[in-house]
Structures are given as structure tokens and as C-alpha cells.
>>> print(open('final_2.cif').read())   # mmCIF, C-alpha atoms
data_work
#
loop_
_atom_site.label_atom_id
_atom_site.label_comp_id
_atom_site.auth_asym_id
_atom_site.auth_seq_id
_atom_site.Cartn_x
_atom_site.Cartn_y
_atom_site.Cartn_z
CA MET W 1 -2.86 -127.88 -48.32
CA GLY W 2 -3.92 -131.49 -47.74
CA CYS W 3 -7.55 -132.41 -47.14
CA MET W 4 -7.01 -133.52 -43.54
CA SER W 5 -5.08 -130.35 -42.74
CA MET W 6 -7.86 -128.22 -44.19
CA ILE W 7 -10.53 -130.10 -42.22
CA GLY W 8 -8.41 -129.68 -39.10
CA CYS W 9 -8.20 -125.93 -39.65
CA LEU W 10 -11.94 -125.67 -40.14
CA MET W 11 -12.57 -127.65 -36.96
CA CYS W 12 -10.20 -125.37 -35.05
CA ILE W 13 -12.06 -122.30 -36.32
CA VAL W 14 -15.39 -123.78 -35.26
CA VAL W 15 -14.07 -124.74 -31.81
CA LEU W 16 -12.48 -121.34 -31.26
CA ALA W 17 -15.64 -119.56 -32.40
CA ALA W 18 -17.77 -121.67 -30.08
CA ALA W 19 -15.37 -121.06 -27.22
CA GLY W 20 -15.45 -117.33 -27.89
CA ILE W 21 -19.23 -117.26 -27.94
CA CYS W 22 -19.48 -119.22 -24.70
CA THR W 23 -16.87 -117.01 -23.01
CA TRP W 24 -18.66 -113.82 -24.07
CA LYS W 25 -22.11 -115.16 -23.30
CA PHE W 26 -21.42 -116.82 -19.99
CA GLY W 27 -18.37 -114.95 -18.69
CA PRO W 28 -18.48 -112.79 -15.53
CA TRP W 29 -19.32 -109.72 -17.61
CA SER W 30 -22.45 -111.32 -19.10
CA ASN W 31 -25.89 -110.11 -18.09
CA ASP W 32 -27.52 -112.75 -15.89
CA GLU W 33 -30.99 -111.27 -16.37
CA LYS W 34 -33.17 -113.33 -18.64
CA ASP W 35 -35.78 -111.96 -21.01
CA THR W 36 -39.02 -111.89 -19.07
CA LYS W 37 -41.65 -110.37 -21.34
CA THR W 38 -45.04 -109.69 -19.82
CA GLY W 39 -48.34 -108.54 -21.24
CA ASP W 40 -47.44 -104.95 -20.41
CA THR W 41 -44.44 -105.24 -22.73
CA TYR W 42 -46.79 -105.77 -25.67
CA ALA W 43 -49.19 -102.90 -24.98
CA ALA W 44 -49.49 -100.91 -28.21
CA LEU W 45 -48.37 -97.32 -28.27
CA ASN W 46 -50.54 -94.53 -29.70
CA THR W 47 -53.86 -96.35 -29.35
CA CYS W 48 -57.08 -95.52 -27.54
CA ASP W 49 -60.43 -96.93 -26.46
CA GLY W 50 -62.75 -96.91 -29.43
CA CYS W 51 -59.86 -96.87 -31.91
CA CYS W 52 -59.18 -99.39 -34.65
CA ASN W 53 -55.45 -99.65 -35.38
CA GLY W 54 -54.87 -96.35 -33.63
CA LEU W 55 -57.65 -94.23 -35.12
CA ALA W 56 -61.39 -94.09 -34.42
CA SER W 57 -61.91 -93.05 -38.04
CA ASN W 58 -60.58 -96.45 -39.25
CA CYS W 59 -63.37 -98.40 -37.59
CA ALA W 60 -66.11 -97.90 -40.19
CA LEU W 61 -63.74 -98.57 -43.10
CA ALA W 62 -63.28 -101.93 -44.77
CA VAL W 63 -59.99 -103.52 -43.80
CA ASN W 64 -58.67 -102.98 -47.35
CA GLU W 65 -59.55 -99.28 -47.19
CA VAL W 66 -57.07 -98.74 -44.35
CA LEU W 67 -53.35 -98.30 -44.98
CA PHE W 68 -51.32 -100.96 -43.11
CA PRO W 69 -47.64 -100.32 -42.33
CA MET W 70 -45.76 -103.62 -42.80
CA VAL W 71 -42.25 -104.78 -41.92
CA HIS W 72 -40.35 -106.58 -44.69
CA ASN W 73 -38.50 -109.70 -43.46
CA ALA W 74 -39.67 -108.88 -39.96
CA HIS W 75 -37.80 -111.85 -38.48
CA SER W 76 -34.46 -110.49 -39.75
CA SER W 77 -33.08 -107.94 -37.30
CA LYS W 78 -29.87 -106.82 -35.69
CA ALA W 79 -31.60 -107.43 -32.35
CA ASP W 80 -31.99 -111.10 -33.29
CA LEU W 81 -28.38 -111.44 -34.49
CA PHE W 82 -29.05 -111.81 -38.21
CA LEU W 83 -26.33 -111.22 -40.76
CA ALA W 84 -27.30 -108.69 -43.47
CA TYR W 85 -30.35 -107.86 -41.38
CA ASN W 86 -33.35 -105.99 -42.79
CA ASN W 87 -34.23 -104.25 -39.53
CA ARG W 88 -32.44 -102.96 -36.48
CA LYS W 89 -35.19 -103.85 -34.03
CA SER W 90 -37.38 -106.92 -33.59
CA SER W 91 -40.81 -107.70 -34.99
CA GLU W 92 -42.26 -107.51 -31.48
CA GLU W 93 -41.00 -103.95 -31.06
CA ALA W 94 -42.46 -103.07 -34.46
CA LEU W 95 -45.92 -104.23 -33.39
CA VAL W 96 -45.77 -102.21 -30.19
CA ALA W 97 -44.61 -99.13 -32.11
CA GLY W 98 -47.57 -99.29 -34.51
CA PHE W 99 -46.75 -101.57 -37.46
CA ARG W 100 -49.67 -103.83 -38.28
CA GLY W 101 -48.20 -106.12 -40.91
CA LEU W 102 -45.30 -108.56 -40.84
CA MET W 103 -43.62 -110.37 -43.73
CA LEU W 104 -42.07 -113.65 -42.54
CA ASP W 105 -40.13 -116.31 -44.50
CA SER W 106 -40.45 -119.94 -43.44
CA CYS W 107 -37.68 -122.45 -44.05
CA ILE W 108 -36.34 -125.77 -42.80
CA CYS W 109 -33.11 -125.57 -40.80
CA ASP W 110 -30.75 -128.54 -41.10
CA GLY W 111 -28.56 -128.16 -38.00
CA SER W 112 -25.56 -126.64 -39.83
CA ILE W 113 -22.44 -125.19 -38.19
CA GLY W 114 -23.77 -121.67 -38.54
CA GLU W 115 -26.99 -122.59 -36.79
CA THR W 116 -25.06 -124.38 -34.03
CA LEU W 117 -23.05 -121.24 -33.30
CA GLN W 118 -26.23 -119.18 -33.18
CA ASN W 119 -27.84 -121.68 -30.83
CA LEU W 120 -24.90 -121.35 -28.45
CA TRP W 121 -25.23 -117.59 -28.44
CA LYS W 122 -29.02 -117.48 -28.11
CA GLU W 123 -29.28 -120.48 -25.75
CA LYS W 124 -31.98 -121.82 -28.07
CA ASP W 125 -31.95 -124.87 -30.31
CA LEU W 126 -34.43 -125.50 -33.10
CA GLY W 127 -32.96 -128.95 -33.71
CA GLU W 128 -32.25 -130.52 -37.08
CA ASN W 129 -34.77 -130.36 -39.92
CA SER W 130 -36.95 -127.95 -37.95
CA LEU W 131 -39.11 -125.06 -39.08
CA GLY W 132 -37.52 -121.65 -38.76
CA PHE W 133 -38.07 -118.09 -39.89
CA CYS W 134 -35.01 -117.22 -41.95
CA HIS W 135 -34.03 -115.42 -45.14
CA SER W 136 -32.35 -117.62 -47.76
CA SER W 137 -30.32 -119.59 -45.18
CA CYS W 138 -30.62 -120.40 -41.50
CA ASP W 139 -26.86 -119.83 -41.28
CA ALA W 140 -27.44 -116.08 -41.73
CA GLY W 141 -29.92 -115.98 -38.89
CA VAL W 142 -33.07 -117.75 -37.76
CA ARG W 143 -35.93 -117.20 -35.36
CA ASN W 144 -38.02 -119.85 -33.67
CA PRO W 145 -41.56 -119.74 -35.08
CA ALA W 146 -43.00 -120.86 -31.74
CA GLU W 147 -41.53 -117.74 -30.13
CA VAL W 148 -42.49 -115.32 -32.91
CA LEU W 149 -46.03 -116.63 -33.36
CA GLY W 150 -46.51 -116.89 -29.60
CA ASN W 151 -45.51 -113.26 -29.20
CA ILE W 152 -47.91 -112.21 -31.97
CA LYS W 153 -50.68 -114.02 -30.07
CA THR W 154 -49.70 -112.21 -26.87
CA PHE W 155 -49.89 -108.90 -28.73
CA LEU W 156 -53.41 -109.73 -29.93
CA ASP W 157 -54.38 -110.92 -26.45
CA VAL W 158 -53.31 -107.61 -24.93
CA ASN W 159 -54.51 -105.23 -27.66
CA LYS W 160 -58.17 -105.88 -28.38
CA ASN W 161 -58.59 -103.14 -31.00
CA GLU W 162 -55.71 -104.06 -33.31
CA VAL W 163 -56.00 -105.91 -36.64
CA LEU W 164 -52.87 -107.56 -38.08
CA ILE W 165 -51.80 -108.91 -41.47
CA LEU W 166 -49.19 -111.67 -41.77
CA GLU W 167 -47.69 -112.48 -45.19
CA PHE W 168 -45.59 -115.64 -45.38
CA GLU W 169 -43.10 -116.65 -48.06
CA ILE W 170 -42.94 -120.46 -47.95
CA ASN W 171 -39.52 -122.00 -48.63
CA ASP W 172 -38.18 -125.59 -48.43
CA ASP W 173 -41.71 -127.04 -48.80
CA SER W 174 -42.45 -125.95 -45.24
CA LEU W 175 -46.17 -125.19 -45.62
CA VAL W 176 -47.33 -128.15 -43.54
CA GLU W 177 -44.88 -127.33 -40.75
CA LEU W 178 -45.87 -123.66 -40.82
CA TYR W 179 -49.57 -124.43 -40.65
CA SER W 180 -48.93 -126.74 -37.71
CA ALA W 181 -46.91 -124.04 -35.93
CA ILE W 182 -49.74 -121.52 -36.40
CA ASP W 183 -52.20 -124.04 -34.97
CA VAL W 184 -50.00 -124.88 -31.96
CA SER W 185 -49.40 -121.18 -31.23
CA GLY W 186 -53.08 -120.58 -30.48
CA LEU W 187 -53.36 -117.90 -33.17
CA ALA W 188 -56.10 -119.82 -34.98
CA LYS W 189 -58.81 -118.31 -32.76
CA TYR W 190 -57.98 -114.86 -34.16
CA VAL W 191 -57.77 -115.81 -37.85
CA TYR W 192 -60.31 -114.34 -40.27
CA GLN W 193 -61.66 -117.01 -42.62
CA SER W 194 -63.62 -116.98 -45.86
CA GLN W 195 -64.43 -119.78 -48.26
CA SER W 196 -64.39 -117.50 -51.30
CA THR W 197 -61.47 -116.04 -53.27
CA THR W 198 -63.68 -113.10 -54.22
CA ILE W 199 -64.22 -111.33 -50.93
CA GLU W 200 -66.11 -108.26 -49.86
CA TRP W 201 -63.71 -107.42 -47.08
CA PRO W 202 -65.30 -106.66 -43.69
CA THR W 203 -64.90 -103.43 -41.78
CA MET W 204 -62.23 -103.02 -39.16
CA GLN W 205 -64.89 -102.77 -36.46
CA SER W 206 -66.62 -105.99 -37.54
CA LEU W 207 -63.30 -107.86 -37.43
CA ILE W 208 -62.71 -106.51 -33.93
CA ASP W 209 -66.24 -107.35 -32.78
CA ALA W 210 -65.88 -110.92 -34.11
CA ASN W 211 -62.36 -111.15 -32.65
CA SER W 212 -61.16 -112.24 -36.12
CA ARG W 213 -58.32 -109.77 -36.08
CA LEU W 214 -55.63 -111.67 -38.00
CA LEU W 215 -55.48 -111.95 -41.79
CA ILE W 216 -52.98 -114.55 -43.06
CA PHE W 217 -51.65 -114.65 -46.62
CA ALA W 218 -48.96 -116.94 -48.05
CA HIS W 219 -47.12 -117.67 -51.28
CA GLY W 220 -44.29 -119.99 -52.30
CA ASP W 221 -43.69 -123.72 -52.03
CA GLY W 222 -46.96 -125.63 -51.79
CA MET W 223 -49.23 -122.61 -52.17
CA GLU W 224 -51.27 -121.98 -55.30
CA SER W 225 -54.43 -120.06 -56.05
CA CYS W 226 -57.25 -121.16 -53.80
CA ASP W 227 -59.27 -121.39 -57.05
CA THR W 228 -57.14 -124.41 -58.03
CA MET W 229 -56.24 -126.00 -54.69
CA THR W 230 -57.73 -126.41 -51.26
CA CYS W 231 -55.81 -123.84 -49.28
CA PRO W 232 -55.06 -124.44 -45.60
CA GLU W 233 -57.95 -123.23 -43.48
CA GLY W 234 -57.64 -119.53 -42.78
CA VAL W 235 -54.69 -119.00 -45.15
CA PHE W 236 -55.28 -116.93 -48.30
CA TYR W 237 -53.05 -117.23 -51.35
CA THR W 238 -51.26 -113.88 -51.57
CA TYR W 239 -51.60 -113.46 -55.33
CA ASP W 240 -55.34 -114.10 -55.28
CA HIS W 241 -55.68 -110.85 -53.34
CA PHE W 242 -52.54 -108.71 -53.73
CA GLU W 243 -51.21 -106.71 -56.61
CA GLN W 244 -47.86 -105.09 -55.88
CA THR W 245 -45.13 -102.72 -56.94
CA ASP W 246 -41.50 -103.72 -57.30
CA TRP W 247 -38.80 -103.08 -54.71
CA ASN W 248 -35.55 -101.26 -55.55
CA ASP W 249 -37.92 -98.88 -57.31
CA ASP W 250 -39.62 -95.55 -56.69
CA THR W 251 -42.46 -95.82 -59.22
CA CYS W 252 -45.98 -97.16 -58.82
CA ASP W 253 -45.69 -99.65 -61.70
CA ILE W 254 -47.41 -102.98 -61.04
CA ILE W 255 -45.44 -106.23 -61.32
CA GLY W 256 -46.83 -109.71 -61.84
CA ASN W 257 -50.27 -110.72 -63.01
CA LYS W 258 -53.33 -108.65 -62.24
CA LYS W 259 -56.46 -110.57 -61.27
CA GLU W 260 -60.01 -109.32 -61.07
CA GLY W 261 -61.14 -108.61 -57.53
CA MET W 262 -57.76 -108.13 -55.87
CA GLY W 263 -58.56 -106.26 -52.67
CA PHE W 264 -55.04 -105.31 -51.63
CA PHE W 265 -52.35 -103.20 -53.24
CA LEU W 266 -48.89 -103.66 -51.72
CA MET W 267 -46.19 -101.06 -52.15
CA ASN W 268 -42.80 -102.76 -51.66
CA HIS W 269 -40.91 -99.70 -50.46
CA TRP W 270 -37.27 -100.52 -49.88
CA ARG W 271 -34.07 -100.25 -51.86
CA ASN W 272 -31.15 -102.64 -51.41
CA SER W 273 -27.51 -101.60 -51.74
CA ASP W 274 -26.32 -101.13 -55.31
CA ASP W 275 -23.11 -103.10 -54.87
CA LEU W 276 -24.19 -106.28 -53.06
CA ASP W 277 -28.00 -106.10 -53.32
CA LEU W 278 -28.26 -106.35 -49.52
CA PRO W 279 -30.51 -104.44 -47.11
CA SER W 280 -29.33 -100.84 -46.77
CA GLU W 281 -29.99 -98.70 -43.73
CA SER W 282 -28.63 -95.63 -45.52
CA ASN W 283 -31.14 -96.15 -48.34
CA ALA W 284 -33.90 -96.51 -45.75
CA GLU W 285 -32.94 -93.13 -44.31
CA GLU W 286 -33.89 -91.66 -47.69
CA PHE W 287 -36.70 -94.01 -48.70
CA ASN W 288 -38.59 -93.92 -45.38
CA THR W 289 -38.94 -90.14 -45.22
CA PHE W 290 -42.34 -88.49 -45.35
CA ASP W 291 -41.46 -86.76 -48.61
CA ALA W 292 -40.24 -89.94 -50.34
CA LEU W 293 -43.36 -91.85 -49.31
CA THR W 294 -45.61 -88.99 -50.38
CA ASN W 295 -43.91 -88.67 -53.76
CA ARG W 296 -44.23 -92.36 -54.51
CA PHE W 297 -47.88 -92.58 -53.40
CA GLU W 298 -48.72 -89.60 -55.60
CA GLN W 299 -47.62 -91.63 -58.62
CA CYS W 300 -50.37 -94.18 -57.97
CA LYS W 301 -53.08 -92.67 -60.12
CA GLY W 302 -56.52 -94.14 -59.67
CA ARG W 303 -55.67 -96.54 -56.87
CA ARG W 304 -53.86 -95.97 -53.59
CA PRO W 305 -51.77 -98.73 -51.93
CA ASN W 306 -53.30 -100.12 -48.74
CA VAL W 307 -50.14 -101.88 -47.52
CA VAL W 308 -46.67 -100.33 -47.48
CA ALA W 309 -43.73 -102.61 -46.61
CA VAL W 310 -40.37 -101.22 -45.53
CA ASP W 311 -36.94 -102.23 -44.27
CA PHE W 312 -35.46 -100.65 -41.13
CA TRP W 313 -38.93 -99.85 -39.84
CA ASP W 314 -37.72 -97.58 -37.02
CA VAL W 315 -35.91 -95.27 -39.47
CA GLY W 316 -37.77 -92.32 -40.94
CA ASP W 317 -41.41 -91.26 -40.92
CA VAL W 318 -43.37 -94.36 -41.92
CA LEU W 319 -45.86 -94.34 -39.04
CA PRO W 320 -46.62 -90.58 -39.18
CA PHE W 321 -47.12 -90.93 -42.94
CA VAL W 322 -49.51 -93.86 -42.52
CA LYS W 323 -51.50 -91.97 -39.89
CA GLU W 324 -51.91 -88.93 -42.16
CA VAL W 325 -53.02 -91.08 -45.10
CA ASN W 326 -55.60 -92.87 -42.94
CA LEU W 327 -56.92 -89.60 -41.53
CA LYS W 328 -57.41 -88.31 -45.08
CA ASN W 329 -59.51 -91.39 -45.87
CA VAL W 330 -62.48 -89.86 -44.09
CA GLU W 331 -62.11 -86.25 -45.23
#
>>> encode(input="final_2.cif", output="C-alpha cells")
Amino acid sequence: MGCMSMIGCLMCIVVLAAAGICTWKFGPWSNDEKDTKTGDTYAALNTCDGCCNGLASNCALAVNEVLFPMVHNAHSSKADLFLAYNNRKSSEEALVAGFRGLMLDSCICDGSIGETLQNLWKEKDLGENSLGFCHSSCDAGVRNPAEVLGNIKTFLDVNKNEVLILEFEINDDSLVELYSAIDVSGLAKYVYQSQSTTIEWPTMQSLIDANSRLLIFAHGDGMESCDTMTCPEGVFYTYDHFEQTDWNDDTCDIIGNKKEGMGFFLMNHWRNSDDLDLPSESNAEEFNTFDALTNRFEQCKGRRPNVVAVDFWDVGDVLPFVKEVNLKNVE
């Protein structure tokens, strides 16, 4: 087929796809109600006065003595129209349900055809060369950082006794843009800061009393150990403070370099599909069970993970498991 004919076919496909999206989105059967989130929408479930992340017994513990449930690739969800999504429901719903950690990947979106089609569907446009939260490619799905970070701030505004951890993977040299987005979002007032890479982590209650209820870690393009570079204010280098297990694994073996004084131990607890190495809901149905989590934690002799990251966060028993582990902390 000639070059011009091929280009013509591609253009026809794009036009037809755009027309289909517009017809479905704006046709007479479309829902005219717009998303109108209020503070009530972000009220945390299963919390109480005098609790810290859902339990009164957490309050006297150092933040790294409490087990945090975390959502892997929290931006990537079926609800937000991602291809090969890691979660069925959104990061906002995860926070309300009880997850207290989010993994987010920053990237620069270049205004490609895939992004254009998404913009038509979502009625949102990041523009060209703009910061997004995506996984590998904005074509497979992208969320607007202003929306995501703004909603995290609203959650913290509404829920005064909740402490959150954000862990960013920086792609496309987007550190400067990400730091700016965090600043513009208003989250900076909640960020816990320390000038030292060797930290005696504060208690949950002291973080709440100081209203420094957000811990931010990052790795990837532009981020190195804060021993060797001046890290952005309030952003810790992940591998100064985290040791971790592998994913696609059910052992407690540590990967990467171990550094003295690491306060956090992350269990990456998800298994991708064997054939395409893509997120697998069926694997999550097995991996996220109480028994599977218990069996893996029991392999961690001498040191218990204090962060557990999962795919398909609403599948299985992750939150009941985390609650039981945290209750046992004070026995």
C-alpha cells in the first residue's frame, strides 16, 4: 500500500474514533451530570476521634512502626480509562476506603493521538509537553496531576487524623514540573520535612499535632541520594529510606542495595500476568487474600514490612490484614 494511502487510512481511523467518542460522550444517552465532589465525598471510612490512621493504638507509635497499605500505580485505574490498568477504582476511592499510601509515576505528555482521544472522552486537556501521571506512556492513560494532588489535599483537609505516604517514580526528567505541581496544589503545608537523611521518625500523633501529615518520597530521573545532592524541599530520596522486596514474587528477599538507617521496608506485593507481564486482577484475587499476605509476612524473619503495596486494591483482604497487623503491634 502506498504511503499516502496508508496515511489516509490512519487519518480515517482517528476521525472515526474521535467521532465515536464524541457521539457516545455527548449523545442523548450520555449522563449530563458532572462530577461534583465535595468534602463529604472524601470523609475516610473506618476512622474515629482520637484515632491515627484508623486506630487509637497507632498514635504512640513511630510512623515507621505502623503498617501502611499502599496502592501501586494508583493513577492507573479502570475508572480513569487506563489501558492495562493496575486498579479497578480510583486513587481517591482508595484513600476513602483506608489506603494510606499512593505510588504515582510522573511523565511528560507530548500531545499524541492517543492523548487527544482521551482528552475528548474525559473533556480534559493537559496540553502538549505537560506533566501527567502515567505509566510508561500517556497514550495508555494519563491523569492530571493538578486534579490528583488537589484531591489528596482535600482528603487531608477533611481527615485531620490521617497520615499519608506518597512515593513518586520520576520519568522524562519531570522532577521540576512535579515539584512545581506539588507546590501549586497547596500540599506543601502538610509535608513533613527533615534536613537529615538519618532520621528518627516521629510518632503518628506528633505528625498529626504538627499537621505534617504527608511524607513524600521519590526516585528516578533527577533524584539521587540526598547525601550527594540537594533534594527538593520536603522530598526524600526513596532509596535513602526504603529497602524493598521484589514484585512477581512471594518471598521476603530484599532487592537492591541496603543502606544503614533505612526506616522503611516496602513489600511489593503484586504479580503480573505470566504471558504479557501486565497487571492481573486474577492474580490479585489470590495475592491479596489474608492467607497469602500472612504467609509472605511470616517469611520476613527479624524485620516486618511497614508498607505493603498492591494492585487491584479493592480485591481481597488487604485492609483487614493491615488492621490486624497494626493491632498486634501493641500486644
>>> closest_residue(input="final_2.cif", among="W:Ala292, W:Leu95, W:Val307, W:Cys59", to="W:Val158", atoms="all atoms listed in the file")
W:Leu95
>>> closest_residue(input="final_2.cif", among="W:Ala140, W:Leu45, W:Cys300, W:Val310", to="W:Lys78", atoms="only C-alpha atoms")
W:Ala140
>>> atom_distance(input="final_2.cif", atom1="atom CA of W:Asn87", atom2="atom CA of W:Ser212")
28.3 Å
>>> resolve_selection(input="final_2.cif", expression="the PyMOL selection byres ((chain W and resi 268-274) around 12)", output="number ranges by chain")
W: 69-73, 84-87, 103, 242-255, 265-267, 275-289, 292-297, 305-313, 315, 318
>>> write_last_selection(input="final_2.cif", atoms="C-alpha atoms", output="compact mmCIF listing (two decimals), in the coordinates of the input")
# COMPACT_ATOMS: atom_id res chain seq x y z
CA PRO W 69 -47.64 -100.32 -42.33
CA MET W 70 -45.76 -103.62 -42.80
CA VAL W 71 -42.25 -104.78 -41.92
CA HIS W 72 -40.35 -106.58 -44.69
CA ASN W 73 -38.50 -109.70 -43.46
CA ALA W 84 -27.30 -108.69 -43.47
CA TYR W 85 -30.35 -107.86 -41.38
CA ASN W 86 -33.35 -105.99 -42.79
CA ASN W 87 -34.23 -104.25 -39.53
CA MET W 103 -43.62 -110.37 -43.73
CA PHE W 242 -52.54 -108.71 -53.73
CA GLU W 243 -51.21 -106.71 -56.61
CA GLN W 244 -47.86 -105.09 -55.88
CA THR W 245 -45.13 -102.72 -56.94
CA ASP W 246 -41.50 -103.72 -57.30
CA TRP W 247 -38.80 -103.08 -54.71
CA ASN W 248 -35.55 -101.26 -55.55
CA ASP W 249 -37.92 -98.88 -57.31
CA ASP W 250 -39.62 -95.55 -56.69
CA THR W 251 -42.46 -95.82 -59.22
CA CYS W 252 -45.98 -97.16 -58.82
CA ASP W 253 -45.69 -99.65 -61.70
CA ILE W 254 -47.41 -102.98 -61.04
CA ILE W 255 -45.44 -106.23 -61.32
CA PHE W 265 -52.35 -103.20 -53.24
CA LEU W 266 -48.89 -103.66 -51.72
CA MET W 267 -46.19 -101.06 -52.15
CA ASP W 275 -23.11 -103.10 -54.87
CA LEU W 276 -24.19 -106.28 -53.06
CA ASP W 277 -28.00 -106.10 -53.32
CA LEU W 278 -28.26 -106.35 -49.52
CA PRO W 279 -30.51 -104.44 -47.11
CA SER W 280 -29.33 -100.84 -46.77
CA GLU W 281 -29.99 -98.70 -43.73
CA SER W 282 -28.63 -95.63 -45.52
CA ASN W 283 -31.14 -96.15 -48.34
CA ALA W 284 -33.90 -96.51 -45.75
CA GLU W 285 -32.94 -93.13 -44.31
CA GLU W 286 -33.89 -91.66 -47.69
CA PHE W 287 -36.70 -94.01 -48.70
CA ASN W 288 -38.59 -93.92 -45.38
CA THR W 289 -38.94 -90.14 -45.22
CA ALA W 292 -40.24 -89.94 -50.34
CA LEU W 293 -43.36 -91.85 -49.31
CA THR W 294 -45.61 -88.99 -50.38
CA ASN W 295 -43.91 -88.67 -53.76
CA ARG W 296 -44.23 -92.36 -54.51
CA PHE W 297 -47.88 -92.58 -53.40
CA PRO W 305 -51.77 -98.73 -51.93
CA ASN W 306 -53.30 -100.12 -48.74
CA VAL W 307 -50.14 -101.88 -47.52
CA VAL W 308 -46.67 -100.33 -47.48
CA ALA W 309 -43.73 -102.61 -46.61
CA VAL W 310 -40.37 -101.22 -45.53
CA ASP W 311 -36.94 -102.23 -44.27
CA PHE W 312 -35.46 -100.65 -41.13
CA TRP W 313 -38.93 -99.85 -39.84
CA VAL W 315 -35.91 -95.27 -39.47
CA VAL W 318 -43.37 -94.36 -41.92
>>> resolve_selection(input="final_2.cif", expression="the PyMOL selection byres ((chain W and resi 128-139) around 7)", output="CSV table (one decimal) with C-alpha atoms, in the coordinates of the input")
chain,number,residue,atom,x,y,z
W,75,HIS,CA,-37.8,-111.8,-38.5
W,104,LEU,CA,-42.1,-113.6,-42.5
W,105,ASP,CA,-40.1,-116.3,-44.5
W,106,SER,CA,-40.4,-119.9,-43.4
W,107,CYS,CA,-37.7,-122.4,-44.0
W,108,ILE,CA,-36.3,-125.8,-42.8
W,109,CYS,CA,-33.1,-125.6,-40.8
W,110,ASP,CA,-30.8,-128.5,-41.1
W,111,GLY,CA,-28.6,-128.2,-38.0
W,114,GLY,CA,-23.8,-121.7,-38.5
W,115,GLU,CA,-27.0,-122.6,-36.8
W,126,LEU,CA,-34.4,-125.5,-33.1
W,127,GLY,CA,-33.0,-129.0,-33.7
W,140,ALA,CA,-27.4,-116.1,-41.7
W,141,GLY,CA,-29.9,-116.0,-38.9
W,142,VAL,CA,-33.1,-117.8,-37.8
W,143,ARG,CA,-35.9,-117.2,-35.4
W,144,ASN,CA,-38.0,-119.8,-33.7
W,145,PRO,CA,-41.6,-119.7,-35.1
W,177,GLU,CA,-44.9,-127.3,-40.8
>>> closest_residue(input="final_2.cif", among="W:Asp80, W:Lys160, W:Gly256, W:Ser206", to="W:Cys48", atoms="all atoms listed in the file")
W:Lys160
>>> atom_distance(input="final_2.cif", atom1="atom CA of W:Ala94", atom2="atom CA of W:Asp183")
23.1 Å
>>> closest_residue(input="final_2.cif", among="W:Val330, W:Leu164, W:Cys231, W:Cys52", to="W:Val176", atoms="all atoms listed in the file")
W:Cys231
>>> resolve_selection(input="final_2.cif", expression="the PyMOL selection byres ((chain W and resi 216-219) around 6)", output="tab-separated table (two decimals) with C-alpha atoms, keeping the file's coordinate frame")
chain	number	residue	atom	x	y	z
W	165	ILE	CA	-51.80	-108.91	-41.47
W	166	LEU	CA	-49.19	-111.67	-41.77
W	167	GLU	CA	-47.69	-112.48	-45.19
W	168	PHE	CA	-45.59	-115.64	-45.38
W	169	GLU	CA	-43.10	-116.65	-48.06
W	215	LEU	CA	-55.48	-111.95	-41.79
W	220	GLY	CA	-44.29	-119.99	-52.30
W	223	MET	CA	-49.23	-122.61	-52.17
W	235	VAL	CA	-54.69	-119.00	-45.15
W	236	PHE	CA	-55.28	-116.93	-48.30
W	237	TYR	CA	-53.05	-117.23	-51.35
W	238	THR	CA	-51.26	-113.88	-51.57
>>> closest_residue(input="final_2.cif", among="W:Tyr42, W:Asp221, W:Val325, W:Cys51", to="W:Asp157", atoms="all atoms listed in the file")
W:Tyr42
>>> atom_distance(input="final_2.cif", atom1="atom CA of W:Thr154", atom2="atom CA of W:Leu187")
9.2 Å
>>> closest_residue(input="final_2.cif", among="W:Phe68, W:Asp49, W:Ser90, W:Ala60", to="W:Arg304", atoms="only C-alpha atoms")
W:Phe68
>>> residues_around(input="final_2.cif", residues="stretch 208-211 of chain W", least_positions_apart="5", cutoff="10 Å", atoms="all atoms listed in the file", output="ChimeraX atom specification")
/W:52,59,156,160-163,189-192,203
